[in-house]
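Notes follow once the structure below has been shown.
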Amino acid sequence: MNILVVVPTYNERENLPLLAAGVLKHDGYRLLIVDDGSPDGTGAIADDLARQHPGRVEVMHRTGPRGLGRSYIDGLLRALTEGTADYICQMDSDLSHNPEYLPELVAAAATNDLVIGSRYLNGVSVVNWPLHRIFLSAFANRYIRLITSLSPSDCTSGFRCWRREALARLPIAGMVSDGYAFLVEMLYNASRLGMRIGEVPIIFVERRQGQSKLSSGVLLESLVMPWRLVFRGSGS
């Protein structure tokens with residue numbers, strides 16, 4: 001199998017080498033690093049990794065407006081354009097998503113179009129989060145499921161594996177949201193297209209190095225996006 005893992009980065013110089021080692025230890029896995037103009041030198045470290053692992057690590061240096069959604073749009077479109085991956089995975093670069101789970105996600109994708117690494121499939125599987133953060137995340141998922149009728153237990157997880165042909169059906173270039181709302185928008189579109197969506201349980205570990213990218217703007221967009229998706233869908 002040929003698996004490409006798309007990882008957006010912004011100021012992750014401490015975490016990126018560890019993440020790359022975890023991904024590349026799996027045979028058949030490649031890494032596409034999408035650096036969002038990190039001022040801390042993450043892009044240079046990514047270039048070093050590409051030189052050390054020719055053919056297995058590729059770097060995309062983004063310019064223009066920053067954001068998780070914009071990074072994923074560019075990275076996933078690049079993954080589809082190259083056309084060689086059987087499965088395309090996406091994950092965070094801060095080590096909160098353990099690369100050890102990648103083979104489980106890929107195995108589940110044999111019978112699903114999309115597989116989500118879920119923090120909530122078996123209760124709450126989160127390490128080092130304060131209580132208010134757990135409450136906020138759990139509430140957000142209930143809120144999203146209530147409004148959109150999505151069925152997965154973890155609608156905001158960024159740890160995902162797609163069958164390439166399924167991902168190619170999504171209107172990625174036309175998506176407008178950013179942050180966690182982008183992840184919900186992708187999931188909602190996949191559901192509306194009738195894709196088979198599965199989940200595997202993971203343990204999510206809060207970042208050990210660097211700062212969280214969660215902001216009030218990201219939270220606000222996440223509250224508005226489900227309504228926007230439903231109203232847009234009902235009018236189509």
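In the structure tokens, each chain is lettered A, B, ... as it comes, each chain's residues begin at 1, and ligands are numbered from 1 in order of appearance.
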
Original post:
So which residues touch range 20-34 of chain A within 10 Å, counting only C-alpha atoms, skipping near sequence neighbours fewer than 3 positions away, as a VMD selection string?
Top reply: chain A and resid 1 to 10 15 to 17 37 42 to 43 46 to 47 49 to 50 53 55 to 62 68 71 to 72 74 to 76 78 to 79 85 87 to 90 93 95 98 to 103

Original post:
chain A: which residues are alpha helix (DSSP H) by DSSP, as an NGL selection string?
Top reply: :A and (16-24 or 42-52 or 68-82 or 102-108 or 131-148 or 164-167 or 179-192 or 216-234)

**OP:** Could you give me the residues within range 65-120 of chain A that DSSP places in strand (DSSP E or B), as a PyMOL selection string?
**Re:** chain A and resi 87-90+114-118

Next, the residues of the selection above should be written as a PDB file, in the first residue's frame with C-alpha atoms.
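Written file, again.pdb:
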ATOM      1  CA  TYR A  87      -4.912   6.252   1.252  1.00  0.00           C
ATOM      2  CA  ILE A  88      -4.468   9.859   2.379  1.00  0.00           C
ATOM      3  CA  CYS A  89      -4.242  10.559   6.106  1.00  0.00           C
ATOM      4  CA  GLN A  90      -4.352  13.861   7.939  1.00  0.00           C
ATOM      5  CA  LEU A 114     -13.301   7.809   5.770  1.00  0.00           C
ATOM      6  CA  VAL A 115     -12.006   6.678   9.147  1.00  0.00           C
ATOM      7  CA  ILE A 116     -11.817   9.039  12.129  1.00  0.00           C
ATOM      8  CA  GLY A 117      -9.439   8.611  15.044  1.00  0.00           C
ATOM      9  CA  SER A 118     -11.975   9.218  17.808  1.00  0.00           C
TER      10      SER A 118
END

Subject >> Minimum-distance residue to Arg192 in chain A, chosen among A:Arg160, A:Arg169, A:Arg228, A:His132 (using only C-alpha atoms) >> reply: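 Smallest separation from Arg192 in chain A among the options: A:Arg169.
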
Original post:
Nearest to Ile172 in chain A among A:Ile73, A:Met225, A:Cys155, A:Glu185, with distances taken over only C-alpha atoms: which residue is it?
Top reply: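 Nearest candidate to Ile172 in chain A out of A:Ile73, A:Met225, A:Cys155, A:Glu185: A:Ile73.
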
Original post:
Between A:Phe204, A:Phe139, A:Phe182, A:Trp162, which is the closest to Asp94 in chain A once you count only C-alpha atoms?
Top reply: A:Phe204

Original post:
Rounded to one decimal in Å, what is the spacing between CA of Pro201 in chain A and CA of Leu121 in chain A?
Top reply: 5.6 Å

**OP:** Go through A:Val200, A:Ile147, A:Met91, A:Ala168 one by one, measure the shortest atom-to-atom distance of each to Leu19 in chain A using only C-alpha atoms, and give the residue with the smallest value.
**Re:** A:Met91

Original post:
So how far away is CA of Tyr120 in chain A from CA of Glu206 in chain A, in Å?
Top reply: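 Calculated distance between CA of Glu206 in chain A and CA of Tyr120 in chain A is 15.0 Å.
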
Original post:
Could you pull the residues within 10 Å of Ser191 in chain A, counting only C-alpha atoms, minus those fewer than 4 positions along the same chain, as a list of chain:residue names?
Top reply: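 Non-adjacent residues within range: A:Leu114, A:Thr148, A:Ser149, A:Leu150, A:Ser151, A:Glu185, A:Met186, A:Leu187, A:Met195, A:Arg196, A:Ile197.
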